[in-house]
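Enquirer: Below is query05.cif; it holds mmCIF, N, CA and C atoms.
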data_data
#
loop_
_atom_site.label_atom_id
_atom_site.label_comp_id
_atom_site.auth_asym_id
_atom_site.auth_seq_id
_atom_site.Cartn_x
_atom_site.Cartn_y
_atom_site.Cartn_z
N MET G 83 33.73 5.44 2.75
CA MET G 83 34.22 6.71 3.28
C MET G 83 34.34 6.61 4.79
N GLY G 84 35.29 7.31 5.36
CA GLY G 84 35.54 7.19 6.78
C GLY G 84 34.76 8.15 7.66
N ILE G 85 34.93 9.45 7.45
CA ILE G 85 34.36 10.44 8.36
C ILE G 85 32.89 10.65 8.04
N LYS G 86 32.07 10.60 9.09
CA LYS G 86 30.63 10.82 8.95
C LYS G 86 30.24 11.96 9.88
N LEU G 87 29.55 12.93 9.31
CA LEU G 87 29.09 14.08 10.08
C LEU G 87 27.58 14.06 10.13
N TYR G 88 27.06 13.81 11.32
CA TYR G 88 25.61 13.86 11.52
C TYR G 88 25.24 15.32 11.75
N TYR G 89 24.30 15.81 10.93
CA TYR G 89 23.87 17.21 11.01
C TYR G 89 22.38 17.26 10.75
N THR G 90 21.82 18.45 10.76
CA THR G 90 20.40 18.59 10.45
C THR G 90 20.18 19.80 9.54
N THR G 91 19.27 19.65 8.61
CA THR G 91 18.90 20.77 7.75
C THR G 91 17.70 21.51 8.32
N VAL G 92 17.10 20.95 9.38
CA VAL G 92 15.91 21.55 9.97
C VAL G 92 16.20 21.85 11.44
N THR G 93 16.51 23.12 11.72
CA THR G 93 16.72 23.54 13.10
C THR G 93 16.45 25.03 13.23
N ALA G 94 15.89 25.40 14.34
CA ALA G 94 15.68 26.82 14.62
C ALA G 94 16.86 27.40 15.39
N SER G 95 17.79 26.54 15.76
CA SER G 95 18.92 26.95 16.59
C SER G 95 20.05 27.54 15.74
N ARG G 96 20.32 28.81 15.95
CA ARG G 96 21.45 29.44 15.25
C ARG G 96 22.77 28.81 15.67
N GLU G 97 22.84 28.41 16.94
CA GLU G 97 24.07 27.80 17.45
C GLU G 97 24.38 26.50 16.70
N VAL G 98 23.37 25.64 16.55
CA VAL G 98 23.57 24.38 15.84
C VAL G 98 23.98 24.66 14.39
N LYS G 99 23.29 25.59 13.73
CA LYS G 99 23.62 25.92 12.34
C LYS G 99 25.06 26.41 12.21
N SER G 100 25.49 27.29 13.10
CA SER G 100 26.84 27.85 13.00
C SER G 100 27.89 26.79 13.33
N GLN G 101 27.59 25.92 14.30
CA GLN G 101 28.54 24.85 14.64
C GLN G 101 28.71 23.88 13.47
N GLN G 102 27.58 23.51 12.85
CA GLN G 102 27.65 22.61 11.69
C GLN G 102 28.46 23.24 10.58
N ALA G 103 28.19 24.52 10.29
CA ALA G 103 28.89 25.21 9.21
C ALA G 103 30.38 25.29 9.49
N GLU G 104 30.75 25.51 10.74
CA GLU G 104 32.18 25.61 11.08
C GLU G 104 32.88 24.28 10.91
N VAL G 105 32.24 23.19 11.35
CA VAL G 105 32.85 21.86 11.18
C VAL G 105 33.07 21.58 9.70
N ILE G 106 32.05 21.84 8.88
CA ILE G 106 32.15 21.60 7.44
C ILE G 106 33.25 22.47 6.83
N ARG G 107 33.30 23.74 7.22
CA ARG G 107 34.32 24.65 6.69
C ARG G 107 35.73 24.15 7.02
N ILE G 108 35.93 23.70 8.24
CA ILE G 108 37.26 23.24 8.66
C ILE G 108 37.63 21.94 7.95
N LEU G 109 36.69 21.00 7.86
CA LEU G 109 36.97 19.75 7.14
C LEU G 109 37.32 20.05 5.68
N ASP G 110 36.55 20.95 5.05
CA ASP G 110 36.84 21.32 3.66
C ASP G 110 38.20 21.98 3.53
N SER G 111 38.54 22.86 4.48
CA SER G 111 39.82 23.59 4.39
C SER G 111 41.00 22.64 4.55
N LYS G 112 40.80 21.52 5.23
CA LYS G 112 41.86 20.53 5.41
C LYS G 112 41.78 19.41 4.36
N SER G 113 40.86 19.56 3.40
CA SER G 113 40.65 18.57 2.34
C SER G 113 40.36 17.18 2.91
N ILE G 114 39.61 17.15 3.99
CA ILE G 114 39.21 15.88 4.60
C ILE G 114 37.84 15.51 4.04
N LYS G 115 37.79 14.33 3.40
CA LYS G 115 36.53 13.88 2.82
C LYS G 115 35.62 13.38 3.95
N TYR G 116 34.32 13.63 3.78
CA TYR G 116 33.35 13.23 4.79
C TYR G 116 32.01 13.01 4.14
N GLU G 117 31.17 12.28 4.86
CA GLU G 117 29.80 12.01 4.42
C GLU G 117 28.86 12.76 5.36
N LEU G 118 27.93 13.52 4.79
CA LEU G 118 26.92 14.22 5.59
C LEU G 118 25.72 13.30 5.76
N ILE G 119 25.26 13.18 7.00
CA ILE G 119 24.09 12.37 7.30
C ILE G 119 23.08 13.27 8.00
N ASP G 120 21.97 13.53 7.32
CA ASP G 120 20.95 14.46 7.80
C ASP G 120 19.97 13.75 8.72
N ILE G 121 19.98 14.12 10.01
CA ILE G 121 19.08 13.45 10.96
C ILE G 121 17.64 13.91 10.83
N SER G 122 17.39 14.98 10.06
CA SER G 122 16.02 15.47 9.93
C SER G 122 15.17 14.61 9.00
N VAL G 123 15.79 13.63 8.34
CA VAL G 123 15.02 12.77 7.44
C VAL G 123 14.15 11.77 8.19
N GLY G 124 14.46 11.55 9.47
CA GLY G 124 13.62 10.63 10.24
C GLY G 124 14.21 10.34 11.60
N GLY G 125 13.32 9.97 12.50
CA GLY G 125 13.73 9.68 13.87
C GLY G 125 14.73 8.55 13.99
N ALA G 126 14.67 7.59 13.07
CA ALA G 126 15.59 6.45 13.14
C ALA G 126 17.03 6.90 12.97
N VAL G 127 17.28 7.87 12.09
CA VAL G 127 18.64 8.37 11.87
C VAL G 127 19.13 9.13 13.11
N ARG G 128 18.24 9.95 13.69
CA ARG G 128 18.58 10.67 14.92
C ARG G 128 18.88 9.67 16.05
N ASP G 129 18.05 8.64 16.17
CA ASP G 129 18.25 7.64 17.21
C ASP G 129 19.57 6.89 16.99
N GLU G 130 19.90 6.62 15.72
CA GLU G 130 21.17 5.95 15.40
C GLU G 130 22.34 6.81 15.86
N MET G 131 22.28 8.13 15.57
CA MET G 131 23.35 9.05 15.98
C MET G 131 23.49 9.03 17.50
N ARG G 132 22.38 9.09 18.21
CA ARG G 132 22.42 9.12 19.67
C ARG G 132 22.93 7.81 20.24
N SER G 133 22.51 6.71 19.65
CA SER G 133 22.96 5.40 20.12
C SER G 133 24.46 5.24 19.91
N LYS G 134 24.94 5.59 18.72
CA LYS G 134 26.37 5.45 18.41
C LYS G 134 27.24 6.35 19.29
N SER G 135 26.71 7.54 19.63
CA SER G 135 27.50 8.47 20.44
C SER G 135 27.43 8.14 21.92
N GLY G 136 26.49 7.25 22.29
CA GLY G 136 26.33 6.89 23.68
C GLY G 136 25.67 7.98 24.51
N ASN G 137 24.99 8.92 23.83
CA ASN G 137 24.34 10.04 24.52
C ASN G 137 22.89 10.13 24.03
N PRO G 138 21.93 9.80 24.88
CA PRO G 138 20.53 9.79 24.45
C PRO G 138 19.95 11.17 24.14
N THR G 139 20.69 12.24 24.45
CA THR G 139 20.20 13.59 24.16
C THR G 139 21.13 14.34 23.21
N ALA G 140 22.03 13.62 22.53
CA ALA G 140 23.00 14.27 21.64
C ALA G 140 22.30 15.06 20.55
N ILE G 141 22.85 16.24 20.25
CA ILE G 141 22.36 17.06 19.14
C ILE G 141 23.49 17.24 18.14
N PRO G 142 23.15 17.51 16.88
CA PRO G 142 24.19 17.70 15.88
C PRO G 142 24.98 18.98 16.14
N PRO G 143 26.18 19.07 15.63
CA PRO G 143 26.88 18.05 14.85
C PRO G 143 27.56 17.01 15.74
N GLN G 144 27.54 15.77 15.27
CA GLN G 144 28.25 14.65 15.91
C GLN G 144 29.14 14.04 14.84
N ILE G 145 30.36 13.69 15.20
CA ILE G 145 31.36 13.26 14.22
C ILE G 145 31.83 11.85 14.54
N PHE G 146 31.90 11.03 13.48
CA PHE G 146 32.32 9.64 13.60
C PHE G 146 33.35 9.32 12.52
N ASN G 147 34.18 8.32 12.79
CA ASN G 147 35.01 7.71 11.76
C ASN G 147 34.44 6.31 11.60
N GLU G 148 33.74 6.11 10.48
CA GLU G 148 32.90 4.92 10.30
C GLU G 148 31.93 4.86 11.48
N ASP G 149 31.98 3.79 12.29
CA ASP G 149 31.07 3.69 13.43
C ASP G 149 31.74 4.08 14.75
N GLN G 150 33.00 4.52 14.67
CA GLN G 150 33.74 4.90 15.87
C GLN G 150 33.47 6.37 16.19
N TYR G 151 32.98 6.63 17.39
CA TYR G 151 32.63 7.99 17.79
C TYR G 151 33.88 8.83 18.00
N CYS G 152 33.93 9.99 17.35
CA CYS G 152 35.04 10.92 17.53
C CYS G 152 34.67 12.00 18.55
N GLY G 153 33.47 12.59 18.40
CA GLY G 153 33.05 13.60 19.35
C GLY G 153 32.03 14.56 18.80
N ASN G 154 31.73 15.57 19.63
CA ASN G 154 30.76 16.59 19.25
C ASN G 154 31.48 17.88 18.84
N TYR G 155 30.74 18.95 18.68
CA TYR G 155 31.34 20.21 18.24
C TYR G 155 32.39 20.72 19.22
N GLU G 156 32.10 20.69 20.51
CA GLU G 156 33.04 21.22 21.49
C GLU G 156 34.36 20.45 21.44
N MET G 157 34.30 19.13 21.33
CA MET G 157 35.50 18.31 21.27
C MET G 157 36.26 18.58 19.98
N PHE G 158 35.53 18.74 18.87
CA PHE G 158 36.15 19.06 17.58
C PHE G 158 36.86 20.41 17.67
N SER G 159 36.19 21.39 18.25
CA SER G 159 36.74 22.73 18.38
C SER G 159 38.04 22.72 19.20
N GLU G 160 38.05 21.93 20.27
CA GLU G 160 39.27 21.80 21.07
C GLU G 160 40.40 21.19 20.25
N ALA G 161 40.09 20.21 19.41
CA ALA G 161 41.10 19.59 18.56
C ALA G 161 41.64 20.59 17.54
N VAL G 162 40.76 21.45 17.02
CA VAL G 162 41.19 22.48 16.07
C VAL G 162 42.17 23.42 16.76
N GLU G 163 41.82 23.86 17.98
CA GLU G 163 42.68 24.78 18.74
C GLU G 163 44.04 24.15 19.02
N ALA G 164 44.05 22.86 19.30
CA ALA G 164 45.29 22.15 19.64
C ALA G 164 46.01 21.63 18.39
N ASP G 165 45.43 21.87 17.20
CA ASP G 165 45.98 21.38 15.94
C ASP G 165 46.12 19.86 15.95
N THR G 166 45.09 19.17 16.47
CA THR G 166 45.09 17.71 16.53
C THR G 166 43.85 17.13 15.85
N VAL G 167 43.39 17.79 14.80
CA VAL G 167 42.15 17.35 14.13
C VAL G 167 42.29 15.94 13.58
N GLU G 168 43.43 15.62 12.96
CA GLU G 168 43.60 14.29 12.37
C GLU G 168 43.55 13.21 13.45
N GLN G 169 44.18 13.46 14.61
CA GLN G 169 44.11 12.50 15.70
C GLN G 169 42.68 12.38 16.22
N PHE G 170 42.01 13.52 16.38
CA PHE G 170 40.61 13.53 16.83
C PHE G 170 39.75 12.68 15.91
N LEU G 171 39.96 12.81 14.60
CA LEU G 171 39.17 12.07 13.61
C LEU G 171 39.65 10.64 13.43
N LYS G 172 40.71 10.28 14.13
CA LYS G 172 41.29 8.94 14.06
C LYS G 172 41.78 8.58 12.65
N ILE G 173 42.37 9.60 11.98
CA ILE G 173 42.92 9.36 10.64
C ILE G 173 44.41 9.62 10.60
N ALA G 174 45.02 9.89 11.75
CA ALA G 174 46.45 10.20 11.80
C ALA G 174 47.28 8.93 11.71
#
Please rewrite the model in this file as C-alpha cells.

Expert:
Amino acid sequence: MGIKLYYTTVTASREVKSQQAEVIRILDSKSIKYELIDISVGGAVRDEMRSKSGNPTAIPPQIFNEDQYCGNYEMFSEAVEADTVEQFLKIA
C-alpha cells in the first residue's frame, strides 16, 4: 500500500483528534486507500514517524507515500483547498 497515515488513538488534544478525523474523512471521500499507523503503540513507532518526517517534534497526523514524506495536517489542508491532494500525496 502506498499512503501511510501516522496517527494516535491516545491523545488529550481535541485539535489532533479533529485533524486526524478530517484527513481520514477526506481520503475516504476521494476513495484513496491508506494504511493507519498508530504511534501510541510504542515510542519506536513515534520515533520512526519523526525521523522519516525530518522533524524531531512532529505530532500526528503525518502523511507519507511509502517512505516518502508528503506532509502534516496544515500542508494536507492547503492541498485540499487548492484541489491538489493527489499531487500532495505523490499519486498523480

Enquirer: Determine the residue set returned by the PyMOL selection byres (((chain G and resi 90 and name CA) around 9) and name CA) for the present structure, and present it as a ChimeraX atom specification.

Expert: /G:88-89,91-93,98-99,102,119-123,142-143

Enquirer: Let me make sure I understand: among G:Ile108, G:Met157, G:Ala126, G:Cys152, which one has the smallest atom-to-atom distance to Lys172 in chain G if we use only N, CA and C atoms?

Expert: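 So, comparing all the options, the nearest one is G:Cys152.
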
Enquirer: Take the PyMOL selection byres (((chain G and resi 104 and name CA) around 12) and name CA), run it mentally on this structure, and tell me the resulting residues as a list in words.

Expert: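 Evaluating the PyMOL selection byres (((chain G and resi 104 and name CA) around 12) and name CA) on this file yields Leu87, Tyr89, Glu97, Val98, Lys99, Ser100, Gln101, Gln102, Ala103, Val105, Ile106, Arg107, Ile108, Leu109, Asp110, Ser111, Pro143, Tyr155, Glu156, Phe158, Ser159 and Val162 of chain G.
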
Enquirer: Would you pick out the contacts of Tyr116 in chain G at 7 Å or less, using only C-alpha atoms, so that residues sharing its chain but fewer than 5 positions from it are not included, and give the list as a list in words?

Expert: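 Close residues of Tyr116 in chain G: Met83, Gly84, Ile85, Lys86 and Leu87 of chain G.
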
Enquirer: Expressed in Å to a single decimal, how great is the separation between atom C of Ile141 in chain G and atom C of Val127 in chain G?

Expert: 10.5 Å

Enquirer: Write out as a ChimeraX atom specification all residues of chain G that backbone DSSP assigns to alpha helix (DSSP H).

Expert: /G:96-111,125-135,155-163,167-170

Enquirer: Please indicate the distance in Å from atom N of Thr166 in chain G to CA of Phe146 in chain G, rounded to one decimal place.

Expert: 16.2 Å

Enquirer: G:Ile145, G:Tyr151, G:Leu171, G:Glu160: which is nearest Leu118 in chain G, counting only C-alpha atoms?

Expert: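 Result for the nearest residue to Leu118 in chain G: G:Ile145.
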
Enquirer: Please, what distance in Å, to one decimal, runs between atom C of Glu148 in chain G and atom C of Lys134 in chain G?

Expert: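 So the two atoms, atom C of Glu148 in chain G and atom C of Lys134 in chain G, lie 9.2 Å apart.
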
Enquirer: Given 8 Å on each side, where is the centre and what are the edge lengths in Å to one decimal of the axis-aligned box enclosing the listed atoms of range 149-153 of chain G, as lines of an AutoDock Vina configuration file?

Expert:
center_x = 33.1
center_y = 9.1
center_z = 15.8
size_x = 20.0
size_y = 26.9
size_z = 23.1

Enquirer: Just save range 103-119 of chain G with N, CA and C atoms, as a compact mmCIF listing (two decimals), in the first residue's frame.

Expert:
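What follows is the written file part_4.txt:
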# COMPACT_ATOMS: atom_id res chain seq x y z
N ALA G 103 -9.24 13.06 12.11
CA ALA G 103 -10.54 12.68 11.57
C ALA G 103 -10.78 13.33 10.22
N GLU G 104 -10.36 14.58 10.06
CA GLU G 104 -10.57 15.27 8.79
C GLU G 104 -9.74 14.66 7.67
N VAL G 105 -8.48 14.32 7.97
CA VAL G 105 -7.64 13.68 6.95
C VAL G 105 -8.27 12.37 6.51
N ILE G 106 -8.69 11.55 7.47
CA ILE G 106 -9.32 10.26 7.16
C ILE G 106 -10.59 10.46 6.35
N ARG G 107 -11.41 11.42 6.74
CA ARG G 107 -12.67 11.69 6.03
C ARG G 107 -12.39 12.08 4.57
N ILE G 108 -11.41 12.93 4.36
CA ILE G 108 -11.11 13.39 3.00
C ILE G 108 -10.52 12.25 2.17
N LEU G 109 -9.60 11.47 2.73
CA LEU G 109 -9.04 10.33 1.99
C LEU G 109 -10.16 9.36 1.62
N ASP G 110 -11.06 9.08 2.57
CA ASP G 110 -12.18 8.17 2.29
C ASP G 110 -13.09 8.74 1.21
N SER G 111 -13.36 10.05 1.26
CA SER G 111 -14.27 10.66 0.29
C SER G 111 -13.68 10.62 -1.12
N LYS G 112 -12.36 10.58 -1.22
CA LYS G 112 -11.70 10.52 -2.52
C LYS G 112 -11.35 9.08 -2.90
N SER G 113 -11.79 8.12 -2.09
CA SER G 113 -11.52 6.69 -2.32
C SER G 113 -10.02 6.41 -2.44
N ILE G 114 -9.24 7.10 -1.63
CA ILE G 114 -7.79 6.88 -1.61
C ILE G 114 -7.50 5.88 -0.49
N LYS G 115 -6.89 4.76 -0.89
CA LYS G 115 -6.55 3.73 0.10
C LYS G 115 -5.33 4.20 0.90
N TYR G 116 -5.34 3.85 2.19
CA TYR G 116 -4.25 4.25 3.07
C TYR G 116 -4.13 3.25 4.20
N GLU G 117 -2.96 3.28 4.82
CA GLU G 117 -2.69 2.44 5.98
C GLU G 117 -2.57 3.34 7.20
N LEU G 118 -3.29 3.00 8.26
CA LEU G 118 -3.20 3.75 9.52
C LEU G 118 -2.09 3.15 10.38
N ILE G 119 -1.22 4.00 10.88
CA ILE G 119 -0.14 3.54 11.75
C ILE G 119 -0.27 4.32 13.07
